[in-house]
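Colleague: Structure: work_0.tsv, TSV, C-alpha atoms.
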chain	number	residue	atom	x	y	z
A	22	MET	CA	49.76	-80.47	4.06
A	23	LYS	CA	46.38	-80.02	5.67
A	24	GLU	CA	46.09	-83.74	6.44
A	25	GLN	CA	49.48	-83.79	8.15
A	26	ALA	CA	48.69	-80.71	10.25
A	27	LEU	CA	45.37	-82.27	11.23
A	28	SER	CA	47.06	-85.53	12.16
A	29	MET	CA	49.50	-83.63	14.40
A	30	GLN	CA	46.59	-81.82	16.03
A	31	ARG	CA	44.66	-85.10	16.43
A	32	VAL	CA	47.60	-86.88	18.06
A	33	LEU	CA	48.01	-84.08	20.59
A	34	ARG	CA	44.28	-83.83	21.28
A	35	ASP	CA	43.96	-87.58	21.78
A	36	ASP	CA	46.73	-87.76	24.36
A	37	THR	CA	45.37	-88.17	27.90
A	38	LEU	CA	48.17	-86.20	29.59
A	39	VAL	CA	47.79	-83.31	27.14
A	40	GLN	CA	44.04	-83.32	27.77
A	41	THR	CA	44.63	-83.17	31.52
A	42	LYS	CA	47.20	-80.39	31.22
A	43	VAL	CA	45.48	-78.00	28.77
A	44	GLY	CA	41.82	-78.81	29.46
A	45	THR	CA	39.00	-77.79	27.13
A	46	ASP	CA	37.69	-74.47	25.80
A	47	ALA	CA	34.15	-73.05	25.89
A	48	ASP	CA	33.09	-75.48	23.17
A	49	GLY	CA	34.45	-78.45	25.10
A	50	VAL	CA	37.31	-78.93	22.62
A	51	VAL	CA	40.79	-79.86	23.88
A	52	LYS	CA	42.88	-76.69	23.61
A	53	VAL	CA	45.15	-77.71	20.73
A	54	TYR	CA	44.69	-75.30	17.80
A	55	GLN	CA	46.04	-74.70	14.34
A	56	SER	CA	47.96	-71.45	13.68
A	57	GLN	CA	46.18	-69.40	16.33
A	58	ALA	CA	44.18	-69.92	19.52
A	59	ARG	CA	40.58	-68.88	20.00
A	60	GLU	CA	40.41	-65.34	21.34
A	61	ASP	CA	38.57	-66.38	24.51
A	62	THR	CA	40.99	-69.21	25.32
A	63	ASN	CA	43.15	-69.05	28.44
A	64	ALA	CA	46.61	-70.60	28.77
A	65	PRO	CA	47.81	-73.31	28.86
A	66	TYR	CA	47.18	-74.33	25.28
A	67	ILE	CA	49.06	-75.69	22.26
A	68	ILE	CA	49.35	-74.22	18.76
A	69	VAL	CA	50.34	-76.29	15.73
A	70	GLY	CA	51.85	-74.04	13.05
A	71	ILE	CA	52.97	-74.98	9.56
A	72	VAL	CA	56.54	-74.22	8.48
A	73	PRO	CA	56.50	-73.64	4.70
A	74	SER	CA	58.56	-76.39	3.02
A	75	PRO	CA	60.30	-76.34	-0.37
A	76	GLY	CA	58.44	-79.41	-1.63
A	77	SER	CA	58.59	-83.14	-2.04
A	78	SER	CA	61.03	-85.41	-3.78
A	79	VAL	CA	60.19	-88.59	-5.67
A	80	VAL	CA	62.34	-91.65	-5.18
A	81	ALA	CA	62.04	-95.13	-6.67
A	82	ALA	CA	61.87	-98.08	-4.33
A	83	TYR	CA	62.00	-101.53	-5.98
A	84	GLY	CA	60.71	-100.08	-9.22
A	85	ASP	CA	57.66	-98.39	-7.70
A	86	PRO	CA	57.89	-94.63	-7.67
A	87	VAL	CA	57.27	-93.34	-4.17
A	88	ALA	CA	56.86	-89.67	-3.32
A	89	VAL	CA	58.73	-89.01	-0.14
A	90	GLU	CA	57.60	-85.76	1.39
A	91	VAL	CA	58.88	-83.89	4.40
A	92	TRP	CA	56.52	-81.68	6.38
A	93	ARG	CA	57.54	-79.36	9.17
A	94	PHE	CA	55.50	-78.06	12.05
A	95	GLY	CA	56.06	-75.67	14.88
A	96	VAL	CA	54.39	-76.86	18.07
A	97	SER	CA	54.08	-73.93	20.51
A	98	CYS	CA	53.22	-74.72	24.11
A	99	TRP	CA	51.73	-71.59	25.65
A	100	ALA	CA	51.51	-71.29	29.44
A	101	ARG	CA	51.28	-68.75	32.25
A	102	ASN	CA	54.88	-69.17	33.32
A	103	SER	CA	58.13	-70.73	32.23
A	104	GLN	CA	57.85	-73.89	34.34
A	105	GLU	CA	54.33	-74.65	33.15
A	106	ALA	CA	55.39	-74.07	29.53
A	107	TRP	CA	58.28	-76.54	29.79
A	108	GLU	CA	56.09	-79.13	31.54
A	109	LEU	CA	53.56	-78.84	28.74
A	110	ALA	CA	56.32	-79.08	26.13
A	111	GLU	CA	57.59	-82.30	27.68
A	112	ILE	CA	54.11	-83.82	27.71
A	113	ALA	CA	53.49	-82.71	24.11
A	114	ASN	CA	56.82	-84.15	22.98
A	115	GLU	CA	56.01	-87.51	24.57
A	116	ALA	CA	52.59	-87.49	22.89
A	117	VAL	CA	54.21	-86.78	19.50
A	118	ASN	CA	56.81	-89.53	20.00
A	119	ALA	CA	54.10	-92.06	20.83
A	120	GLY	CA	51.58	-90.83	18.26
A	121	ASP	CA	50.19	-92.51	15.17
A	122	PHE	CA	50.32	-90.04	12.29
A	123	GLU	CA	48.76	-92.10	9.51
A	124	ALA	CA	46.76	-89.80	7.21
A	125	GLU	CA	45.43	-91.33	3.99
A	126	PRO	CA	46.86	-91.54	1.34
A	127	TYR	CA	50.11	-90.89	3.21
A	128	THR	CA	52.16	-93.41	5.15
A	129	SER	CA	54.11	-91.86	7.95
A	130	ALA	CA	57.77	-92.85	8.22
A	131	GLY	CA	58.29	-91.00	11.47
A	132	VAL	CA	58.15	-87.67	13.22
A	133	PHE	CA	61.35	-86.16	14.57
A	134	LEU	CA	62.15	-83.20	16.77
A	135	ARG	CA	64.42	-80.84	14.87
A	136	GLY	CA	66.83	-78.63	16.76
A	137	THR	CA	66.42	-77.65	20.37
A	138	PRO	CA	63.16	-76.47	21.95
A	139	GLN	CA	63.34	-72.82	22.97
A	140	GLU	CA	61.41	-70.60	25.34
A	141	LEU	CA	60.16	-67.25	24.11
A	142	PRO	CA	58.29	-64.39	25.75
A	143	ASP	CA	55.05	-63.00	24.37
A	144	ARG	CA	54.76	-59.52	22.89
A	145	ASP	CA	51.30	-58.71	24.24
A	146	THR	CA	50.88	-60.69	27.47
A	147	ASN	CA	52.90	-62.26	30.26
A	148	LEU	CA	52.50	-65.71	28.73
A	149	ARG	CA	55.51	-67.84	27.82
A	150	GLN	CA	55.83	-70.22	24.89
A	151	VAL	CA	58.13	-73.17	24.38
A	152	LEU	CA	58.50	-73.83	20.67
A	153	MET	CA	59.44	-77.17	19.15
A	154	ILE	CA	59.97	-77.77	15.42
A	155	TYR	CA	59.01	-81.23	14.16
A	156	GLU	CA	59.78	-82.92	10.87
A	157	MET	CA	57.29	-85.46	9.56
A	158	ILE	CA	58.39	-87.78	6.76
A	159	THR	CA	55.64	-89.36	4.68
A	160	GLY	CA	55.42	-91.57	1.62
A	161	ARG	CA	52.60	-92.16	-0.83
B	4	MET	CA	100.37	-99.35	-14.05
B	5	VAL	CA	100.18	-102.86	-12.56
B	6	ARG	CA	102.33	-105.74	-13.75
B	7	VAL	CA	101.94	-109.36	-12.70
B	8	SER	CA	104.50	-112.11	-13.40
B	9	SER	CA	105.57	-115.53	-12.17
B	10	GLY	CA	108.70	-117.66	-12.55
B	11	ASN	CA	112.11	-117.92	-10.96
B	12	PHE	CA	113.24	-114.86	-9.06
B	13	SER	CA	117.00	-115.17	-8.91
B	14	GLN	CA	117.45	-111.93	-6.97
B	15	LEU	CA	115.80	-113.51	-3.89
B	16	SER	CA	118.49	-116.23	-3.40
B	17	SER	CA	121.46	-117.69	-5.19
B	18	VAL	CA	119.51	-120.75	-6.43
B	19	GLY	CA	116.47	-118.75	-7.41
B	20	LYS	CA	112.99	-119.27	-6.08
B	21	THR	CA	109.77	-119.89	-7.89
B	22	GLY	CA	107.11	-117.34	-7.12
B	23	ALA	CA	104.67	-114.78	-8.33
B	24	ARG	CA	105.15	-111.06	-8.40
B	25	ILE	CA	102.94	-108.00	-8.57
B	26	THR	CA	104.38	-104.59	-9.24
B	27	VAL	CA	102.83	-101.14	-9.43
B	28	ASP	CA	104.83	-98.40	-11.08
B	29	ARG	CA	106.07	-95.85	-8.57
B	30	SER	CA	105.22	-93.07	-11.03
B	31	SER	CA	101.60	-94.35	-11.20
B	32	VAL	CA	101.34	-94.30	-7.41
B	33	LEU	CA	102.66	-90.73	-7.27
B	34	ALA	CA	100.26	-89.68	-10.06
B	35	THR	CA	97.33	-91.22	-8.12
B	36	ILE	CA	98.36	-89.38	-4.97
B	37	GLU	CA	98.52	-86.10	-6.93
B	38	LYS	CA	95.08	-86.81	-8.38
B	39	LEU	CA	93.64	-87.49	-4.91
B	40	LYS	CA	95.10	-84.20	-3.72
B	41	LEU	CA	93.38	-82.45	-6.64
B	42	VAL	CA	90.08	-84.22	-5.85
B	43	GLY	CA	90.37	-83.19	-2.18
B	44	SER	CA	91.04	-79.55	-2.98
B	45	GLN	CA	88.32	-79.45	-5.66
B	46	ALA	CA	85.76	-81.05	-3.29
B	47	GLY	CA	86.62	-78.55	-0.57
B	48	LEU	CA	86.41	-75.64	-3.00
B	49	GLN	CA	83.17	-76.67	-4.65
B	50	ILE	CA	81.41	-77.54	-1.39
B	51	GLY	CA	82.63	-74.24	0.04
B	52	HIS	CA	81.11	-72.35	-2.90
B	53	LEU	CA	77.89	-74.36	-2.58
B	54	VAL	CA	77.49	-73.58	1.13
B	55	TYR	CA	78.08	-69.88	0.44
B	56	GLU	CA	75.54	-70.01	-2.38
B	57	ALA	CA	73.11	-71.66	0.06
B	58	GLY	CA	73.73	-68.76	2.46
B	59	ILE	CA	72.84	-66.28	-0.30
B	60	THR	CA	69.74	-68.34	-1.11
B	61	MET	CA	68.77	-68.34	2.58
B	62	LYS	CA	68.93	-64.52	2.65
B	63	THR	CA	67.06	-64.13	-0.66
B	64	MET	CA	64.33	-66.55	0.40
B	65	ALA	CA	64.01	-64.96	3.84
B	66	GLU	CA	63.51	-61.59	2.14
B	67	ALA	CA	60.96	-63.14	-0.20
B	68	ARG	CA	59.03	-64.86	2.60
B	69	VAL	CA	59.06	-62.18	5.31
B	70	PRO	CA	55.74	-60.34	5.71
B	71	VAL	CA	56.28	-56.66	4.86
B	72	ILE	CA	54.49	-53.61	6.24
B	73	THR	CA	57.25	-51.06	6.86
B	74	THR	CA	60.31	-52.86	5.34
B	75	ASN	CA	62.12	-52.56	8.71
B	76	LEU	CA	62.36	-56.31	9.05
B	77	LYS	CA	62.96	-57.06	5.37
B	78	THR	CA	65.89	-54.64	5.21
B	79	GLY	CA	67.02	-55.95	8.60
B	80	ILE	CA	67.85	-59.35	7.11
B	81	LYS	CA	71.65	-59.41	7.01
B	82	GLY	CA	74.24	-61.84	5.81
B	83	PRO	CA	75.44	-64.33	4.98
B	84	ILE	CA	78.04	-63.85	7.72
B	85	LYS	CA	80.90	-66.36	7.83
B	86	ALA	CA	80.87	-68.41	11.01
B	87	GLY	CA	83.26	-71.16	9.90
B	88	LEU	CA	84.75	-72.84	6.86
B	89	TYR	CA	81.42	-74.28	5.71
B	90	ASP	CA	79.18	-72.28	8.04
B	91	TRP	CA	77.20	-69.15	7.12
B	92	ILE	CA	74.62	-67.28	9.17
B	93	VAL	CA	71.78	-65.00	8.07
B	94	THR	CA	70.19	-62.83	10.75
B	95	ALA	CA	66.89	-60.96	10.92
B	96	ALA	CA	66.39	-57.99	13.22
B	97	SER	CA	63.92	-55.17	12.74
B	98	LYS	CA	66.30	-52.81	14.55
B	99	ASP	CA	68.94	-53.43	11.87
B	100	GLY	CA	66.52	-52.44	9.13
B	101	THR	CA	65.64	-49.14	7.55
B	102	ASP	CA	62.30	-47.75	6.53
B	103	PRO	CA	62.86	-45.53	3.48
B	104	THR	CA	59.80	-43.44	4.32
B	105	GLY	CA	60.97	-42.96	7.90
B	106	VAL	CA	57.37	-43.24	9.06
B	107	GLY	CA	57.40	-46.78	10.33
B	108	LYS	CA	60.83	-46.89	11.96
B	109	ASN	CA	60.44	-49.15	14.94
B	110	GLN	CA	62.85	-48.99	17.85
B	111	LYS	CA	61.63	-52.28	19.31
B	112	GLU	CA	62.87	-55.65	18.15
B	113	TYR	CA	59.99	-57.70	16.76
B	114	ALA	CA	61.66	-60.25	14.46
B	115	PRO	CA	61.14	-63.21	16.88
B	116	TYR	CA	57.43	-62.41	17.17
B	117	VAL	CA	57.00	-62.52	13.39
B	118	GLU	CA	59.04	-65.72	13.13
B	119	PHE	CA	57.63	-67.67	16.07
B	120	GLY	CA	54.27	-65.98	16.60
B	121	THR	CA	52.62	-64.40	19.61
B	122	SER	CA	49.53	-65.28	21.61
B	123	LYS	CA	47.53	-63.18	19.14
B	124	MET	CA	49.33	-63.93	15.88
B	125	ALA	CA	50.46	-67.09	14.11
B	126	GLY	CA	54.18	-67.58	13.55
B	127	ARG	CA	55.33	-67.08	9.95
B	128	PHE	CA	58.55	-69.15	10.23
B	129	PHE	CA	60.12	-67.16	7.38
B	130	MET	CA	63.67	-67.82	8.58
B	131	ALA	CA	63.05	-71.53	9.24
B	132	ALA	CA	61.55	-71.86	5.76
B	133	ALA	CA	64.48	-69.99	4.20
B	134	ALA	CA	66.89	-72.39	5.93
B	135	LEU	CA	64.93	-75.31	4.47
B	136	ASP	CA	65.15	-73.74	1.01
B	137	ALA	CA	68.92	-73.52	1.43
B	138	GLU	CA	69.06	-77.13	2.65
B	139	ALA	CA	67.09	-78.25	-0.43
B	140	LEU	CA	69.60	-76.45	-2.67
B	141	ILE	CA	72.52	-78.25	-1.00
B	142	ARG	CA	70.79	-81.64	-1.27
B	143	ALA	CA	70.13	-81.05	-4.98
B	144	GLU	CA	73.62	-79.78	-5.78
B	145	LEU	CA	75.77	-82.28	-3.85
B	146	PRO	CA	75.22	-85.19	-6.30
B	147	ILE	CA	76.13	-82.86	-9.19
B	148	ILE	CA	79.37	-81.91	-7.42
B	149	ALA	CA	80.06	-85.61	-6.77
B	150	GLN	CA	79.63	-86.36	-10.49
B	151	ARG	CA	81.88	-83.45	-11.43
B	152	ILE	CA	84.60	-84.68	-9.06
B	153	GLN	CA	84.32	-88.24	-10.37
B	154	ARG	CA	85.13	-86.91	-13.85
B	155	LEU	CA	88.47	-85.43	-12.66
For the structure just supplied, provide its representation as structure tokens.

Modeller:
Amino acid sequence: MKEQALSMQRVLRDDTLVQTKVGTDADGVVKVYQSQAREDTNAPYIIVGIVPSPGSSVVAAYGDPVAVEVWRFGVSCWARNSQEAWELAEIANEAVNAGDFEAEPYTSAGVFLRGTPQELPDRDTNLRQVLMIYEMITGR
Amino acid sequence: MVRVSSGNFSQLSSVGKTGARITVDRSSVLATIEKLKLVGSQAGLQIGHLVYEAGITMKTMAEARVPVITTNLKTGIKGPIKAGLYDWIVTAASKDGTDPTGVGKNQKEYAPYVEFGTSKMAGRFFMAAAALDAEALIRAELPIIAQRIQRL
């Protein structure tokens, strides 16, 4: 699971438009984080969260057993207002659609947006988040 | 039952015509139609039960996965509520819950913050994960139902 989450983070960090939109933090790292942002980070930024999954299933393809696994991620685009959050979500979605998610020993069979992105308010600040759930299918 | 024959069929003309004939018993056709009706009703019934069972699983798994401090949110998981023939909904709302101690009763709704996260806290996705658990149950059970129906 860690490899898949890292590959999602890498794809977003490597995208030029995402880089331009979110910028870098105090350490010069593109503001795409896992689970939670750095405390001193200002919006806009992206969080990649892991949705716990029930597990993998093994199928046989041409006699070779192949473990097909499905991983799910929540990609939260945090911004200072609604418009900025949706703009960031669109850029992030394009980056995911164009991304290469290969993560040894897994072979990626595709990443798909599941459901409809939704905008949510924050409990503690005036920030807005647009959340997208992605499904990544891998084989090994 | 299917019967096949060939020869002269005198009932087609006065001189008789040579031909081939295939016949299926009317009673067999009616029996097959009755069997298909049974298969249809059994499939509907069994899939209906399965989807309801998946709804129960969704609630149970949501309760198992939700982070608990005051039990407001855990006891605020309600359902499954029927939304259609094969459609069940489970909801989570801290305001619907009860805290047996009465100490932590929260009047504000915070379920979406626990599920999707805030700027200071990672999302737990307990409802999304519970839905996936229910989906996995349906995927595992459907082939078993298909086998059961094939045996009818």

Colleague: Compute the set of chain B residues within 8 Å of chain A, using only C-alpha atoms, and express it as a list in words.

Modeller: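 Output check: Tyr116, Phe119, Thr121, Ser122, Lys123, Met124, Ala125, Gly126, Arg127, Phe128, Phe129, Ala131, Ala132, Leu135, Asp136 and Ala139 of chain B.
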
Colleague: I need the residue nearest B:Lys62 from this list: B:Met130, B:Asp102, B:Ile50, B:Ser44. Use all atoms listed in the file for the distance.

Modeller: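 Distance minimum relative to B:Lys62 lands on B:Met130.
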
Colleague: What does the structure give for the distance between atom CA of B:Thr21 and atom CA of B:Arg6, in Å to one decimal?

Modeller: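 Atom-to-atom, atom CA of B:Thr21 and atom CA of B:Arg6 are spaced 17.0 Å apart.
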
Colleague: Name all residues at most 8 Å from B:Ala57 (count only C-alpha atoms; drop same-chain ones fewer than 5 positions away) and give them as a list in words.

Modeller: Ala137, Glu138, Leu140 and Ile141 of chain B

Colleague: Pick out the residues sitting within 10 Å of A:Leu38, and hand them over as a PDB file with C-alpha atoms, in the frame of the given file; count all atoms listed in the file, and ignore anything fewer than 6 positions along from it in its own chain.

Modeller:
ATOM      1  CA  GLY A  44      41.820 -78.810  29.460  1.00  0.00           C
ATOM      2  CA  LEU A 109      53.560 -78.840  28.740  1.00  0.00           C
ATOM      3  CA  ILE A 112      54.110 -83.820  27.710  1.00  0.00           C
ATOM      4  CA  ALA A 113      53.490 -82.710  24.110  1.00  0.00           C
ATOM      5  CA  GLU A 115      56.010 -87.510  24.570  1.00  0.00           C
ATOM      6  CA  ALA A 116      52.590 -87.490  22.890  1.00  0.00           C
TER       7      ALA A 116
END

Colleague: Fewer than 4 positions away in the same chain doesn't count, so skip those; otherwise give me all residues within 10 Å of B:Ala23, counting only C-alpha atoms, as a PDB file with C-alpha atoms, keeping the file's coordinate frame.

Modeller:
ATOM      1  CA  VAL B   7     101.940-109.360 -12.700  1.00  0.00           C
ATOM      2  CA  SER B   8     104.500-112.110 -13.400  1.00  0.00           C
ATOM      3  CA  SER B   9     105.570-115.530 -12.170  1.00  0.00           C
ATOM      4  CA  GLY B  10     108.700-117.660 -12.550  1.00  0.00           C
ATOM      5  CA  ASN B  11     112.110-117.920 -10.960  1.00  0.00           C
ATOM      6  CA  PHE B  12     113.240-114.860  -9.060  1.00  0.00           C
TER       7      PHE B  12
END

Colleague: Out of A:Asp48, A:Gly160, A:Lys42, A:Asp35, which residue has the shortest atom-to-atom distance to A:Val87 when counting all atoms listed in the file?

Modeller: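 The closest residue to A:Val87 is A:Gly160.
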
Colleague: Quote the spacing between atom CA of A:Glu111 and atom CA of A:Gln139 in Å to one decimal place.

Modeller: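 Taking atom CA of A:Glu111 as the start and atom CA of A:Gln139 as the end point, the length is 12.0 Å.
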
Colleague: So what do you get for atom CA of A:Glu123 versus atom CA of A:Glu90, distance-wise?

Modeller: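 These two atoms are separated by 13.6 Å.
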
Colleague: Could you list, as a VMD selection string, every residue within 12 Å of B:Gly51, counting all atoms listed in the file and ignoring same-chain residues fewer than 5 positions away?

Modeller: chain B and resid 44 to 46 56 to 58 85 87 to 91 141 145 148

Colleague: Could you check which of A:Thr159, A:Glu140, A:Pro65, A:Arg101 is closest to A:Thr128, using only C-alpha atoms?

Modeller: A:Thr159

Colleague: Could I see stretch 63-78 of chain B restored to N, CA and C atoms, set down as a PDB file, in the frame of the given file?

Modeller:
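Saved file selection-v3.pdb follows:
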ATOM      1  N   THR B  63      68.019 -64.505   0.388  1.00  0.00           N
ATOM      2  CA  THR B  63      67.060 -64.130  -0.660  1.00  0.00           C
ATOM      3  C   THR B  63      65.664 -64.669  -0.323  1.00  0.00           C
ATOM      4  N   MET B  64      65.623 -65.939   0.103  1.00  0.00           N
ATOM      5  CA  MET B  64      64.330 -66.550   0.400  1.00  0.00           C
ATOM      6  C   MET B  64      63.701 -65.958   1.663  1.00  0.00           C
ATOM      7  N   ALA B  65      64.532 -65.611   2.629  1.00  0.00           N
ATOM      8  CA  ALA B  65      64.010 -64.960   3.840  1.00  0.00           C
ATOM      9  C   ALA B  65      63.377 -63.623   3.469  1.00  0.00           C
ATOM     10  N   GLU B  66      64.048 -62.886   2.579  1.00  0.00           N
ATOM     11  CA  GLU B  66      63.510 -61.590   2.140  1.00  0.00           C
ATOM     12  C   GLU B  66      62.211 -61.780   1.344  1.00  0.00           C
ATOM     13  N   ALA B  67      62.164 -62.879   0.595  1.00  0.00           N
ATOM     14  CA  ALA B  67      60.960 -63.140  -0.200  1.00  0.00           C
ATOM     15  C   ALA B  67      59.792 -63.584   0.681  1.00  0.00           C
ATOM     16  N   ARG B  68      60.104 -64.275   1.769  1.00  0.00           N
ATOM     17  CA  ARG B  68      59.030 -64.860   2.600  1.00  0.00           C
ATOM     18  C   ARG B  68      58.586 -63.948   3.745  1.00  0.00           C
ATOM     19  N   VAL B  69      59.405 -62.981   4.135  1.00  0.00           N
ATOM     20  CA  VAL B  69      59.060 -62.180   5.310  1.00  0.00           C
ATOM     21  C   VAL B  69      57.833 -61.297   5.006  1.00  0.00           C
ATOM     22  N   PRO B  70      56.868 -61.242   5.930  1.00  0.00           N
ATOM     23  CA  PRO B  70      55.740 -60.340   5.710  1.00  0.00           C
ATOM     24  C   PRO B  70      56.227 -58.879   5.814  1.00  0.00           C
ATOM     25  N   VAL B  71      55.772 -58.036   4.905  1.00  0.00           N
ATOM     26  CA  VAL B  71      56.280 -56.660   4.860  1.00  0.00           C
ATOM     27  C   VAL B  71      55.161 -55.659   5.098  1.00  0.00           C
ATOM     28  N   ILE B  72      55.377 -54.768   6.060  1.00  0.00           N
ATOM     29  CA  ILE B  72      54.490 -53.610   6.240  1.00  0.00           C
ATOM     30  C   ILE B  72      55.336 -52.332   6.100  1.00  0.00           C
ATOM     31  N   THR B  73      56.435 -52.287   6.869  1.00  0.00           N
ATOM     32  CA  THR B  73      57.250 -51.060   6.860  1.00  0.00           C
ATOM     33  C   THR B  73      58.621 -51.253   6.207  1.00  0.00           C
ATOM     34  N   THR B  74      58.992 -52.439   5.871  1.00  0.00           N
ATOM     35  CA  THR B  74      60.310 -52.860   5.340  1.00  0.00           C
ATOM     36  C   THR B  74      61.427 -52.848   6.394  1.00  0.00           C
ATOM     37  N   ASN B  75      61.097 -52.489   7.648  1.00  0.00           N
ATOM     38  CA  ASN B  75      62.120 -52.560   8.710  1.00  0.00           C
ATOM     39  C   ASN B  75      62.737 -53.940   8.801  1.00  0.00           C
ATOM     40  N   LEU B  76      61.872 -54.945   8.844  1.00  0.00           N
ATOM     41  CA  LEU B  76      62.360 -56.310   9.050  1.00  0.00           C
ATOM     42  C   LEU B  76      63.011 -56.850   7.778  1.00  0.00           C
ATOM     43  N   LYS B  77      62.403 -56.556   6.625  1.00  0.00           N
ATOM     44  CA  LYS B  77      62.960 -57.060   5.370  1.00  0.00           C
ATOM     45  C   LYS B  77      64.370 -56.512   5.153  1.00  0.00           C
ATOM     46  N   THR B  78      64.551 -55.220   5.388  1.00  0.00           N
ATOM     47  CA  THR B  78      65.890 -54.640   5.210  1.00  0.00           C
ATOM     48  C   THR B  78      66.810 -54.991   6.377  1.00  0.00           C
TER      49      THR B  78
END
